[in-house]
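Containing TSV, C-alpha atoms and all ligand atoms: target.tsv.
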chain	number	residue	atom	x	y	z
T	1	MET	CA	-17.62	16.52	19.48
T	2	ILE	CA	-19.67	17.88	16.62
T	3	TYR	CA	-18.89	15.77	13.56
T	4	LEU	CA	-19.63	17.52	10.27
T	5	ASP	CA	-17.47	15.54	7.86
T	6	HIS	CA	-19.84	12.78	6.76
T	7	ASN	CA	-18.61	12.95	3.16
T	8	ALA	CA	-15.21	11.80	4.44
T	9	THR	CA	-16.61	8.92	6.46
T	10	THR	CA	-19.50	7.99	8.72
T	11	PRO	CA	-19.80	6.07	11.99
T	12	LEU	CA	-20.92	2.45	11.89
T	13	HIS	CA	-24.69	2.16	12.32
T	14	PRO	CA	-25.53	-0.11	15.29
T	15	ARG	CA	-27.71	-2.27	13.01
T	16	VAL	CA	-24.75	-2.73	10.65
T	17	PHE	CA	-22.50	-3.69	13.54
T	18	GLU	CA	-25.03	-6.25	14.79
T	19	ALA	CA	-25.42	-7.74	11.31
T	20	MET	CA	-21.66	-8.14	10.92
T	21	LEU	CA	-20.91	-9.66	14.33
T	22	PRO	CA	-21.82	-13.32	13.60
T	23	TYR	CA	-19.49	-13.29	10.59
T	24	LEU	CA	-16.62	-11.98	12.69
T	25	ARG	CA	-17.26	-14.36	15.60
T	26	GLU	CA	-18.81	-17.71	14.72
T	27	ARG	CA	-19.36	-17.87	10.96
T	28	TRP	CA	-15.83	-17.13	9.82
T	29	GLY	CA	-15.65	-19.79	7.10
T	30	ASN	CA	-14.21	-19.20	3.64
T	31	PRO	CA	-17.04	-18.78	1.10
T	32	SER	CA	-15.06	-20.84	-1.42
T	33	SER	CA	-14.74	-23.88	0.90
T	34	PRO	CA	-16.84	-26.89	-0.21
T	35	TYR	CA	-18.16	-27.95	3.24
T	36	ARG	CA	-21.22	-26.59	5.04
T	37	PHE	CA	-19.24	-24.17	7.20
T	38	GLY	CA	-17.97	-22.51	4.02
T	39	ASN	CA	-21.39	-22.68	2.39
T	40	GLN	CA	-22.80	-20.68	5.27
T	41	ALA	CA	-20.42	-17.84	4.45
T	42	ARG	CA	-21.14	-18.17	0.71
T	43	ALA	CA	-24.86	-17.94	1.43
T	44	ALA	CA	-24.30	-14.70	3.38
T	45	VAL	CA	-22.34	-13.20	0.49
T	46	GLU	CA	-25.03	-14.13	-2.04
T	47	ARG	CA	-27.85	-12.96	0.23
T	48	SER	CA	-26.06	-9.62	0.56
T	49	ARG	CA	-25.59	-9.37	-3.19
T	50	ARG	CA	-29.34	-9.94	-3.74
T	51	ARG	CA	-30.22	-7.39	-1.07
T	52	ILE	CA	-28.00	-4.69	-2.56
T	53	ALA	CA	-29.30	-5.41	-6.07
T	54	GLU	CA	-32.88	-5.10	-4.86
T	55	CYS	CA	-32.17	-1.79	-3.10
T	56	LEU	CA	-30.43	-0.29	-6.13
T	57	SER	CA	-32.68	-1.80	-8.82
T	58	CYS	CA	-30.33	-4.07	-10.68
T	59	SER	CA	-29.67	-7.78	-10.99
T	60	PRO	CA	-27.55	-9.59	-8.33
T	61	THR	CA	-25.23	-10.77	-11.12
T	62	GLU	CA	-24.43	-7.11	-11.78
T	63	ILE	CA	-22.99	-6.54	-8.27
T	64	LEU	CA	-19.30	-7.22	-7.77
T	65	PHE	CA	-17.64	-6.90	-4.35
T	66	CYS	CA	-14.26	-5.24	-3.85
T	67	SER	CA	-12.36	-3.36	-1.15
T	68	SER	CA	-13.24	0.30	-1.56
T	69	GLY	CA	-14.80	3.00	-3.68
T	70	THR	CA	-11.29	3.69	-4.93
T	71	GLU	CA	-10.83	0.08	-6.06
T	72	ALA	CA	-14.28	0.05	-7.66
T	73	ASP	CA	-13.42	3.20	-9.66
T	74	ASN	CA	-10.07	1.67	-10.64
T	75	LEU	CA	-11.71	-1.55	-11.76
T	76	ALA	CA	-14.31	0.34	-13.79
T	77	LEU	CA	-11.81	2.55	-15.61
T	78	ARG	CA	-8.86	0.19	-15.99
T	79	GLY	CA	-11.18	-2.76	-16.56
T	80	VAL	CA	-12.94	-1.12	-19.51
T	81	ALA	CA	-9.73	0.43	-20.84
T	82	HIS	CA	-7.97	-2.94	-20.89
T	83	ALA	CA	-10.99	-4.82	-22.24
T	84	LEU	CA	-11.64	-2.33	-25.06
T	85	GLY	CA	-8.17	-0.89	-25.62
T	86	ALA	CA	-7.96	-2.54	-29.04
T	87	ARG	CA	-11.17	-0.82	-30.15
T	88	GLY	CA	-10.26	2.70	-29.04
T	89	ASN	CA	-7.99	4.64	-26.71
T	90	HIS	CA	-10.07	7.67	-25.81
T	91	ILE	CA	-11.67	8.23	-22.39
T	92	VAL	CA	-13.70	11.27	-21.40
T	93	THR	CA	-13.94	12.42	-17.80
T	94	THR	CA	-14.32	15.72	-15.96
T	95	ALA	CA	-11.99	18.13	-14.20
T	96	ILE	CA	-13.85	17.69	-10.90
T	97	GLU	CA	-13.66	13.93	-10.33
T	98	HIS	CA	-12.39	12.36	-7.13
T	99	HIS	CA	-8.71	11.40	-7.24
T	100	ALA	CA	-9.76	7.75	-7.44
T	101	VAL	CA	-10.84	8.58	-11.00
T	102	LEU	CA	-8.45	11.42	-11.87
T	103	ASN	CA	-5.28	9.60	-10.85
T	104	THR	CA	-6.45	6.41	-12.55
T	105	CYS	CA	-6.98	8.42	-15.74
T	106	LYS	CA	-3.48	9.84	-15.34
T	107	ALA	CA	-2.10	6.31	-15.01
T	108	LEU	CA	-4.02	5.25	-18.13
T	109	GLU	CA	-2.60	8.27	-19.95
T	110	SER	CA	0.89	6.95	-19.29
T	111	GLU	CA	-0.24	3.63	-20.85
T	112	GLY	CA	-1.11	5.47	-24.05
T	113	PHE	CA	-4.79	6.29	-23.48
T	114	ARG	CA	-5.99	9.74	-24.50
T	115	ILE	CA	-8.03	11.45	-21.79
T	116	THR	CA	-10.30	14.45	-22.26
T	117	TYR	CA	-11.11	16.36	-19.07
T	118	LEU	CA	-14.42	18.15	-19.49
T	119	PRO	CA	-14.72	21.58	-17.89
T	120	VAL	CA	-17.60	22.58	-15.60
T	121	ASN	CA	-19.40	25.91	-15.38
T	122	GLU	CA	-19.23	28.24	-12.37
T	123	ASP	CA	-21.98	26.24	-10.68
T	124	GLY	CA	-19.89	23.10	-11.00
T	125	ILE	CA	-22.02	21.43	-13.67
T	126	VAL	CA	-20.63	19.67	-16.74
T	127	GLN	CA	-21.97	21.20	-19.92
T	128	ILE	CA	-23.72	18.49	-21.91
T	129	GLU	CA	-22.97	20.18	-25.26
T	130	THR	CA	-19.25	19.95	-24.50
T	131	LEU	CA	-19.56	16.21	-23.93
T	132	ALA	CA	-21.27	15.56	-27.25
T	133	SER	CA	-18.59	17.49	-29.12
T	134	VAL	CA	-15.58	15.64	-27.67
T	135	LEU	CA	-16.77	12.09	-28.36
T	136	ASP	CA	-15.07	10.49	-31.36
T	137	ASP	CA	-14.82	7.04	-32.92
T	138	GLN	CA	-11.98	6.17	-30.55
T	139	THR	CA	-14.01	6.94	-27.39
T	140	ILE	CA	-14.64	3.83	-25.31
T	141	LEU	CA	-15.70	5.27	-21.95
T	142	VAL	CA	-17.20	8.37	-20.34
T	143	SER	CA	-16.75	8.84	-16.59
T	144	VAL	CA	-18.75	11.58	-14.89
T	145	MET	CA	-19.41	11.56	-11.17
T	146	HIS	CA	-23.03	11.60	-9.94
T	147	ALA	CA	-22.43	14.19	-7.22
T	148	ASN	CA	-19.23	15.90	-6.22
T	149	ASN	CA	-17.77	15.04	-2.82
T	150	GLU	CA	-16.58	18.61	-2.13
T	151	THR	CA	-19.54	20.71	-3.27
T	152	GLY	CA	-22.39	18.18	-3.41
T	153	VAL	CA	-23.29	19.42	-6.91
T	154	ILE	CA	-25.27	16.83	-8.88
T	155	GLN	CA	-24.45	16.12	-12.53
T	156	PRO	CA	-27.13	15.48	-15.17
T	157	ILE	CA	-26.26	11.78	-15.44
T	158	LYS	CA	-29.43	10.68	-17.23
T	159	GLU	CA	-28.82	13.16	-20.05
T	160	ILE	CA	-25.16	12.17	-20.18
T	161	ALA	CA	-26.20	8.51	-20.33
T	162	ASP	CA	-28.49	9.25	-23.29
T	163	ILE	CA	-25.64	10.81	-25.24
T	164	ALA	CA	-23.21	8.00	-24.34
T	165	ARG	CA	-25.70	5.30	-25.30
T	166	LYS	CA	-26.55	6.93	-28.64
T	167	ARG	CA	-22.84	7.04	-29.45
T	168	GLY	CA	-22.23	3.47	-28.28
T	169	VAL	CA	-19.90	4.57	-25.48
T	170	LEU	CA	-19.89	3.04	-21.98
T	171	LEU	CA	-20.66	5.27	-18.99
T	172	HIS	CA	-19.11	5.05	-15.53
T	173	SER	CA	-20.53	7.31	-12.87
T	174	ASP	CA	-18.96	7.65	-9.43
T	175	THR	CA	-22.00	7.24	-7.19
T	176	VAL	CA	-20.02	6.99	-3.95
T	177	GLN	CA	-21.53	10.24	-2.66
T	178	THR	CA	-25.07	9.69	-3.89
T	179	VAL	CA	-26.18	6.28	-2.66
T	180	GLY	CA	-28.27	7.09	0.41
T	181	LYS	CA	-28.51	10.76	-0.55
T	182	LEU	CA	-30.32	10.51	-3.89
T	183	ASN	CA	-32.71	7.93	-5.24
T	184	VAL	CA	-30.10	5.82	-7.03
T	185	GLN	CA	-31.91	3.32	-9.26
T	186	LEU	CA	-29.04	1.98	-11.31
T	187	ALA	CA	-31.03	0.56	-14.21
T	188	ASP	CA	-32.92	3.87	-14.55
T	189	LEU	CA	-29.85	6.06	-14.28
T	190	GLY	CA	-28.55	4.56	-17.52
T	191	VAL	CA	-24.99	3.97	-16.32
T	192	ASP	CA	-22.91	0.88	-17.09
T	193	LEU	CA	-20.60	1.04	-14.08
T	194	ALA	CA	-21.12	2.61	-10.64
T	195	PRO	CA	-19.44	2.15	-7.24
T	196	VAL	CA	-20.95	2.01	-3.74
T	197	SER	CA	-18.66	2.48	-0.73
T	198	ALA	CA	-19.88	1.22	2.65
T	199	HIS	CA	-18.10	3.69	4.91
T	200	LYS	CA	-19.90	6.67	3.36
T	201	ILE	CA	-23.27	5.21	4.38
T	202	TYR	CA	-22.71	4.08	7.98
T	203	GLY	CA	-21.08	0.82	6.96
T	204	PRO	CA	-17.55	-0.42	7.62
T	205	LYS	CA	-14.42	0.86	5.92
T	206	GLY	CA	-12.65	-1.28	3.33
T	207	ILE	CA	-15.64	-2.78	1.55
T	208	ALA	CA	-17.49	-1.65	-1.55
T	209	ALA	CA	-19.38	-2.89	-4.57
T	210	LEU	CA	-19.15	-2.09	-8.25
T	211	TYR	CA	-22.30	-2.23	-10.34
T	212	VAL	CA	-21.38	-3.67	-13.75
T	213	ARG	CA	-24.28	-3.70	-16.18
T	214	GLU	CA	-24.87	-7.11	-17.79
T	215	GLY	CA	-22.66	-7.50	-20.84
T	216	THR	CA	-20.21	-4.69	-20.00
T	217	PRO	CA	-16.73	-5.73	-21.14
T	218	LEU	CA	-14.33	-5.66	-18.18
T	219	ALA	CA	-10.83	-7.01	-17.59
T	220	PRO	CA	-9.76	-7.77	-13.99
T	221	VAL	CA	-7.27	-5.52	-12.25
T	222	ILE	CA	-6.47	-8.01	-9.48
T	223	THR	CA	-5.66	-11.52	-10.69
T	224	GLY	CA	-5.71	-14.68	-8.60
T	225	GLY	CA	-8.57	-16.99	-7.69
T	226	ALA	CA	-11.94	-17.25	-9.36
T	227	GLN	CA	-13.88	-15.13	-6.85
T	228	GLU	CA	-16.41	-12.62	-8.19
T	229	GLY	CA	-16.54	-14.35	-11.56
T	230	GLY	CA	-12.78	-13.98	-11.95
T	231	LEU	CA	-13.15	-10.19	-12.03
T	232	ARG	CA	-11.92	-9.59	-8.50
T	233	ALA	CA	-9.75	-12.29	-7.03
T	234	GLY	CA	-9.24	-12.58	-3.28
T	235	THR	CA	-11.15	-14.22	-0.42
T	236	GLU	CA	-14.31	-12.23	0.16
T	237	ASN	CA	-14.62	-9.92	3.18
T	238	VAL	CA	-17.77	-11.72	4.36
T	239	ALA	CA	-18.50	-9.58	7.43
T	240	GLY	CA	-17.82	-6.45	5.40
T	241	ILE	CA	-20.13	-7.59	2.60
T	242	VAL	CA	-22.91	-8.32	5.11
T	243	GLY	CA	-22.29	-4.86	6.63
T	244	LEU	CA	-22.38	-3.20	3.22
T	245	ALA	CA	-25.74	-4.82	2.43
T	246	GLU	CA	-27.19	-3.71	5.77
T	247	ALA	CA	-25.84	-0.18	5.22
T	248	VAL	CA	-27.30	0.03	1.70
T	249	ALA	CA	-30.69	-1.19	3.00
T	250	LEU	CA	-30.62	1.41	5.78
T	251	ALA	CA	-29.54	4.15	3.40
T	252	VAL	CA	-32.41	3.43	1.05
T	253	GLU	CA	-34.90	3.05	3.91
T	254	HIS	CA	-34.05	6.44	5.48
T	255	ARG	CA	-33.06	8.40	2.39
T	256	GLU	CA	-36.23	10.40	1.91
T	257	THR	CA	-36.91	11.49	5.50
T	258	GLU	CA	-33.25	12.00	6.25
T	259	GLY	CA	-32.74	13.97	3.03
T	260	LYS	CA	-35.54	16.40	3.92
T	261	ARG	CA	-34.23	16.81	7.46
T	262	LEU	CA	-30.66	17.43	6.33
T	263	ALA	CA	-31.66	19.91	3.62
T	264	ILE	CA	-33.42	22.03	6.28
T	265	LEU	CA	-30.34	21.89	8.51
T	266	ARG	CA	-28.01	22.68	5.61
T	267	ASP	CA	-30.14	25.70	4.65
T	268	ARG	CA	-30.16	26.85	8.28
T	269	LEU	CA	-26.37	26.57	8.34
T	270	GLU	CA	-25.93	28.58	5.15
T	271	LYS	CA	-28.40	31.25	6.24
T	272	GLY	CA	-26.66	31.54	9.61
T	273	VAL	CA	-23.24	31.82	8.00
T	274	ARG	CA	-24.42	34.42	5.48
T	275	GLU	CA	-25.99	36.50	8.25
T	276	SER	CA	-23.06	36.37	10.64
T	277	ILE	CA	-19.99	36.38	8.40
T	278	ARG	CA	-19.24	38.92	5.69
T	279	GLU	CA	-17.57	38.06	2.37
T	280	VAL	CA	-18.61	34.45	2.19
T	281	ARG	CA	-19.51	32.55	-0.94
T	282	ILE	CA	-21.43	29.27	-0.95
T	283	ASN	CA	-19.96	27.26	-3.79
T	284	GLY	CA	-22.42	25.51	-6.09
T	285	ALA	CA	-25.41	26.96	-4.20
T	286	ARG	CA	-27.36	27.65	-7.41
T	287	ALA	CA	-26.96	24.09	-8.68
T	288	PRO	CA	-28.92	21.01	-7.62
T	289	ARG	CA	-26.99	19.54	-4.69
T	290	VAL	CA	-27.16	16.52	-2.40
T	291	PRO	CA	-28.93	17.67	0.79
T	292	ASN	CA	-26.09	17.23	3.29
T	293	THR	CA	-23.19	19.15	1.74
T	294	SER	CA	-22.15	22.78	1.89
T	295	ASN	CA	-18.91	24.23	0.55
T	296	MET	CA	-18.02	27.81	1.46
T	297	SER	CA	-15.20	30.23	0.71
T	298	PHE	CA	-14.20	33.01	3.11
T	299	SER	CA	-12.03	35.75	1.67
T	300	GLY	CA	-8.83	36.63	3.49
T	301	VAL	CA	-8.53	33.40	5.50
T	302	ASP	CA	-7.02	30.01	4.99
T	303	GLY	CA	-9.35	26.99	5.03
T	304	GLU	CA	-6.79	24.85	6.88
T	305	SER	CA	-6.66	27.46	9.67
T	306	ILE	CA	-10.46	27.42	9.96
T	307	VAL	CA	-10.43	23.62	10.21
T	308	LEU	CA	-7.75	23.72	12.93
T	309	GLY	CA	-9.54	26.56	14.76
T	310	LEU	CA	-12.82	24.66	14.79
T	311	ASP	CA	-11.06	21.48	15.86
T	312	LEU	CA	-10.11	23.34	19.03
T	313	CYS	CA	-13.84	23.93	19.57
T	314	GLY	CA	-14.52	20.21	19.10
T	315	ILE	CA	-15.98	20.62	15.62
T	316	CYS	CA	-14.81	18.31	12.79
T	317	LEU	CA	-15.06	19.53	9.23
T	318	SER	CA	-12.66	19.66	6.31
T	319	THR	CA	-11.26	21.80	3.53
T	320	GLY	CA	-12.40	19.31	0.90
T	321	SER	CA	-11.62	15.71	0.13
T	322	ALA	CA	-10.06	13.82	3.06
T	323	CYS	CA	-7.71	12.26	0.50
T	324	SER	CA	-6.30	15.75	-0.25
T	325	THR	CA	-5.57	16.67	3.38
T	326	GLY	CA	-2.05	18.02	3.63
T	327	ASP	CA	-2.02	18.83	-0.09
T	328	PRO	CA	-0.94	22.49	-0.35
T	329	GLU	CA	-2.65	22.86	-3.74
T	330	PRO	CA	-6.07	24.55	-3.73
T	331	SER	CA	-9.04	22.31	-4.53
T	332	HIS	CA	-9.09	21.21	-8.19
T	333	VAL	CA	-12.89	21.15	-7.97
T	334	LEU	CA	-13.22	24.80	-6.94
T	335	MET	CA	-10.53	25.90	-9.40
T	336	ALA	CA	-12.43	24.13	-12.20
T	337	MET	CA	-15.48	26.20	-11.19
T	338	GLY	CA	-13.45	29.35	-11.90
T	339	ILE	CA	-12.79	30.23	-8.26
T	340	ASN	CA	-9.37	31.82	-7.94
T	341	ALA	CA	-6.60	30.04	-6.03
T	342	ARG	CA	-6.70	32.42	-3.05
T	343	GLU	CA	-10.41	32.04	-2.54
T	344	ALA	CA	-10.22	28.29	-3.08
T	345	GLN	CA	-7.59	28.18	-0.30
T	346	GLY	CA	-10.12	29.86	1.99
T	347	SER	CA	-12.74	27.15	1.54
T	348	ILE	CA	-14.23	24.53	3.80
T	349	ARG	CA	-16.63	21.64	3.32
T	350	ILE	CA	-19.33	20.91	5.85
T	351	SER	CA	-21.16	17.62	5.43
T	352	LEU	CA	-24.03	16.72	7.73
T	353	GLY	CA	-25.27	13.28	8.72
T	354	ARG	CA	-27.74	11.25	10.74
T	355	ASP	CA	-26.31	12.44	14.08
T	356	THR	CA	-26.47	16.15	13.16
T	357	GLU	CA	-29.00	18.21	15.12
T	358	ARG	CA	-30.14	21.84	15.03
T	359	ASP	CA	-28.02	22.73	18.06
T	360	ASP	CA	-24.92	21.42	16.29
T	361	ILE	CA	-25.63	23.74	13.37
T	362	ASP	CA	-26.15	26.77	15.60
T	363	ALA	CA	-23.00	26.04	17.60
T	364	THR	CA	-21.04	25.62	14.38
T	365	VAL	CA	-22.25	28.92	12.93
T	366	GLN	CA	-21.20	30.68	16.13
T	367	ALA	CA	-17.79	29.03	16.28
T	368	LEU	CA	-17.21	29.60	12.58
T	369	ALA	CA	-18.06	33.31	12.84
T	370	ALA	CA	-15.71	33.76	15.80
T	371	THR	CA	-12.90	31.79	14.13
T	372	VAL	CA	-13.14	33.59	10.79
T	373	GLU	CA	-13.24	36.97	12.53
T	374	ARG	CA	-10.17	36.10	14.62
T	375	LEU	CA	-8.23	34.79	11.60
T	376	ARG	CA	-9.12	37.84	9.56
T	377	ALA	CA	-7.97	40.13	12.36
T	378	VAL	CA	-4.66	38.24	12.58
T	379	SER	CA	-4.12	38.28	8.82
T	380	SER	CA	-4.86	42.02	8.59
T	381	ILE	CA	-2.30	42.71	11.37
T	382	GLN	CA	0.23	40.48	9.60
T	383	GLY	CA	-0.57	42.17	6.29
T	384	SER	CA	-0.07	45.66	7.76
T	385	THR	CA	3.30	44.71	9.33
T	386	GLU	CA	4.67	43.03	6.23
T	387	PRO	CA	7.70	44.93	4.84
T	388	GLN	CA	6.77	47.04	1.81
Q	1	LIG	N1	-15.35	8.63	-5.01
Q	1	LIG	C1	-15.84	9.64	-4.30
Q	1	LIG	C2	-16.74	10.64	-4.94
Q	1	LIG	C3	-15.52	9.76	-2.96
Q	1	LIG	O1	-16.02	10.79	-2.24
Q	1	LIG	C4	-14.67	8.80	-2.37
Q	1	LIG	C5	-14.24	8.94	-0.96
Q	1	LIG	O2	-14.01	10.03	-0.49
Q	1	LIG	C6	-14.19	7.75	-3.16
Q	1	LIG	C7	-14.56	7.70	-4.49
Q	1	LIG	C8	-13.29	6.70	-2.61
Q	1	LIG	O3	-14.00	5.82	-1.79
Q	1	LIG	P1	-13.21	4.93	-0.70
Q	1	LIG	O4	-12.89	5.84	0.45
Q	1	LIG	O5	-14.16	3.84	-0.33
Q	1	LIG	O6	-11.98	4.42	-1.36
Write out the structure in this file as structure tokens.
Ligand code: PLP
Amino acid sequence: MIYLDHNATTPLHPRVFEAMLPYLRERWGNPSSPYRFGNQARAAVERSRRRIAECLSCSPTEILFCSSGTEADNLALRGVAHALGARGNHIVTTAIEHHAVLNTCKALESEGFRITYLPVNEDGIVQIETLASVLDDQTILVSVMHANNETGVIQPIKEIADIARKRGVLLHSDTVQTVGKLNVQLADLGVDLAPVSAHKIYGPKGIAALYVREGTPLAPVITGGAQEGGLRAGTENVAGIVGLAEAVALAVEHRETEGKRLAILRDRLEKGVRESIREVRINGARAPRVPNTSNMSFSGVDGESIVLGLDLCGICLSTGSACSTGDPEPSHVLMAMGINAREAQGSIRISLGRDTERDDIDATVQALAATVERLRAVSSIQGSTEPQ
């Protein structure tokens, strides 16, 4: 199998697995228990919190554990909305966010919040001037993702943070696709809230952290016990937390060398595709992108058919977000970039990772060229036999 869908999920790194094992086997105590067996688990949670904080340049008290990137995004948006709802009801986000943010904004809209969805240009970048002009005295939060999961396009978060700070508005940035791919130094980035999801960085599924800058007003979404300072009730996933910390440490350790390696492979892939397949467009290619992601549109073919065709060759890639699989609608990200619905339907996302080698890229280019050619031939026959 050639796995080229690392933005959907990644395999568990052996070092992560090893780090987690003791907390699944022998040290299974509850971190809230008062005896030593519980304290052992509590110590592992706090050690992990310190480790993550050190890797991402923030304070351990600013790291809050929860179950997923989706939950972290929910907590950030709903948490701020409910904490500051009396001060204002306006939230600004973008048209290209992950559904974890978009659908949460929709839910907040039905609670009476006013949401502005910022457009992006044809390269997939939010226009800063637009942001400044939509902020008003009711705005409590801006949410702009750091890099897009479908195209890899990076947003100018530091500039956005400057504007938000000057206007006294909190900033959430979905960093799920950038930790391990970019140098994410949270204090430097200027954001108030940012999620990290373990399974995108060779950690286990179902564990994540939310960075909450000191002093950021936040109301809990899940109520119950006093875990995580009362902001996220529920017995901690100790093994998961230990795995997340190991994964973050690995991601930071290998980011630079791995980033350079993947950028070369990604460029090789795009060059190969351009040379062997006609009428292809690489989406967001002119914008700064994370090094592992490539999104391409092929005219006259359906992205789903390409994905299924390549699956038969043992190659795993996707049409976009894994959460949108089976959704007949074209990608909201590509549509926001001005790509028409037909072309957006003919798009695929290829995301490379630590197991990707040059041979995988070459084999993928070959299989992709053959598959697109075959699908185009079929669709032109179908087109010519369609009743007039
Ligand atoms: N945000 C972005 C940008 C993502 O790519 C994803 C996952 O695809 C999420 C949030 C959700 O993360 P999780 O799968 O941990 O819920």
- Task: Please identify every polymer residue within 6 Å of ligand LIG 1 (chain Q), using only C-alpha atoms and all ligand atoms, and present the set as number ranges by chain.
- Result: T: 8, 68-70, 98, 100, 148-149, 174, 176-177, 197
Selection from above, C-alpha atoms, as a short mmCIF file (atom, residue, chain, number, x, y, z; two decimals), in the frame of the given file, can you write it?
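Saved to out-v5.cif:
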data_model
loop_
_atom_site.label_atom_id
_atom_site.label_comp_id
_atom_site.auth_asym_id
_atom_site.auth_seq_id
_atom_site.Cartn_x
_atom_site.Cartn_y
_atom_site.Cartn_z
CA ALA T 8 -15.21 11.80 4.44
CA SER T 68 -13.24 0.30 -1.56
CA GLY T 69 -14.80 3.00 -3.68
CA THR T 70 -11.29 3.69 -4.93
CA HIS T 98 -12.39 12.36 -7.13
CA ALA T 100 -9.76 7.75 -7.44
CA ASN T 148 -19.23 15.90 -6.22
CA ASN T 149 -17.77 15.04 -2.82
CA ASP T 174 -18.96 7.65 -9.43
CA VAL T 176 -20.02 6.99 -3.95
CA GLN T 177 -21.53 10.24 -2.66
CA SER T 197 -18.66 2.48 -0.73
#
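Interatomic distance, atom CA of T:Val144 against atom CA of T:Ser173: 5.0 Å.
The spacing separating atom CA of T:Ala209 from atom CA of T:Asp162 amounts to 24.1 Å.
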- Message: Restricting the calculation to all atoms listed in the file: of T:Glu236, T:Asp73, T:Glu228, T:Asp302, which residue gets closest to T:Pro60?
- Response: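 Closest candidate: T:Glu228.
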- Message: So the first atom is atom CA of T:Gly234 and the second is atom CA of T:Lys205; what is the distance between them in Å, to one decimal place?
- Response: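 One can read the atom CA of T:Gly234 to atom CA of T:Lys205 distance as 17.1 Å.
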- Task: Pick out the closest residue to T:Leu368 from this set: T:Ser294, T:Gln382, T:Ser318, T:Ser276. Count all atoms listed in the file.
- Result: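 Nearest to T:Leu368: T:Ser276.
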List as a CSV table (one decimal) with C-alpha atoms, in the frame of the given file the protein and nucleic acid residues near T:Ile163, meaning an atom at most 8 Å away when only C-alpha atoms are counted, but skip any in the same chain fewer than 4 places from it.
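result.csv, written as the output of this step:
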chain,number,residue,atom,x,y,z
T,132,ALA,CA,-21.3,15.6,-27.2
T,159,GLU,CA,-28.8,13.2,-20.0
T,167,ARG,CA,-22.8,7.0,-29.4
- Go through T:Ala363, T:Ile207, T:Ala95, T:Leu250 one by one, measure the shortest atom-to-atom distance of each to T:Leu269 using only C-alpha atoms, and give the residue with the smallest value.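 Of T:Ala363, T:Ile207, T:Ala95, T:Leu250, the one nearest T:Leu269, counting only C-alpha atoms, is T:Ala363.
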- Query: Hey, which of T:Pro14, T:Leu131, T:Ala107, T:Ala239 ends up closest to T:Glu26? Count all atoms listed in the file.
  - Reply: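 Distance minimum relative to T:Glu26 lands on T:Ala239.
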- Please identify all polymer residues within 10 Å of T:Ile91, counting all atoms listed in the file, omitting same-chain residues fewer than 6 positions from it, and present them as a list in words. Leu77, Val80, Ala81, Cys105, Leu108, Glu109, Phe113, Arg114, Ile115, Thr116, Tyr117, Val134, Leu135, Asp136, Gln138, Thr139, Ile140, Leu141, Val142, Ser143, Val169 and Leu170 of chain T
Serialized selection, C-alpha atoms, as a PDB file, in the frame of the given file:
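The new file part-v3.pdb reads:
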ATOM      1  CA  LEU T  77     -11.810   2.550 -15.610  1.00  0.00           C
ATOM      2  CA  VAL T  80     -12.940  -1.120 -19.510  1.00  0.00           C
ATOM      3  CA  ALA T  81      -9.730   0.430 -20.840  1.00  0.00           C
ATOM      4  CA  CYS T 105      -6.980   8.420 -15.740  1.00  0.00           C
ATOM      5  CA  LEU T 108      -4.020   5.250 -18.130  1.00  0.00           C
ATOM      6  CA  GLU T 109      -2.600   8.270 -19.950  1.00  0.00           C
ATOM      7  CA  PHE T 113      -4.790   6.290 -23.480  1.00  0.00           C
ATOM      8  CA  ARG T 114      -5.990   9.740 -24.500  1.00  0.00           C
ATOM      9  CA  ILE T 115      -8.030  11.450 -21.790  1.00  0.00           C
ATOM     10  CA  THR T 116     -10.300  14.450 -22.260  1.00  0.00           C
ATOM     11  CA  TYR T 117     -11.110  16.360 -19.070  1.00  0.00           C
ATOM     12  CA  VAL T 134     -15.580  15.640 -27.670  1.00  0.00           C
ATOM     13  CA  LEU T 135     -16.770  12.090 -28.360  1.00  0.00           C
ATOM     14  CA  ASP T 136     -15.070  10.490 -31.360  1.00  0.00           C
ATOM     15  CA  GLN T 138     -11.980   6.170 -30.550  1.00  0.00           C
ATOM     16  CA  THR T 139     -14.010   6.940 -27.390  1.00  0.00           C
ATOM     17  CA  ILE T 140     -14.640   3.830 -25.310  1.00  0.00           C
ATOM     18  CA  LEU T 141     -15.700   5.270 -21.950  1.00  0.00           C
ATOM     19  CA  VAL T 142     -17.200   8.370 -20.340  1.00  0.00           C
ATOM     20  CA  SER T 143     -16.750   8.840 -16.590  1.00  0.00           C
ATOM     21  CA  VAL T 169     -19.900   4.570 -25.480  1.00  0.00           C
ATOM     22  CA  LEU T 170     -19.890   3.040 -21.980  1.00  0.00           C
TER      23      LEU T 170
END
- Test item: residues at most 10 Å from T:Arg268, all atoms listed in the file, excluding those fewer than 5 positions along its chain, as a PyMOL selection string: chain T and resi 262-263+273-274+358+361-362+365
- Could you give me, as a ChimeraX atom specification, the residues within 12 Å of stretch 51-58 of chain T, counting all atoms listed in the file and dropping anything in the same chain fewer than 5 positions from it? /T:44-46,63-65,175,178-180,182-198,208-214,241-253,255
- Message: Under the rule that only C-alpha atoms are counted, which of T:Ile201, T:Leu102, T:Ser110, T:Val238 is the nearest residue to T:Ser48?
- Response: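 Under the stated criterion, the closest residue is T:Val238.
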- Return the single residue from T:Glu150, T:Asp359, T:Asp137, T:Glu256 that is closest to T:Arg87, with distances computed using only C-alpha atoms. T:Asp137
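For T:Asp123, the residues within 12 Å (counting all atoms listed in the file, excluding itself and residues fewer than 3 positions away along the chain) are T:Ile96, T:Pro119, T:Val120, T:Val126, T:Gln127, T:Asn148, T:Thr151, T:Gly152, T:Val153, T:Ile154, T:Gln155, T:Arg281, T:Ile282, T:Asn283, T:Gly284, T:Ala285, T:Arg286, T:Ala287, T:Pro288, T:Arg289, T:Asn295, T:Val333, T:Leu334, T:Met335, T:Ala336, T:Met337, T:Gly338, T:Ile339.
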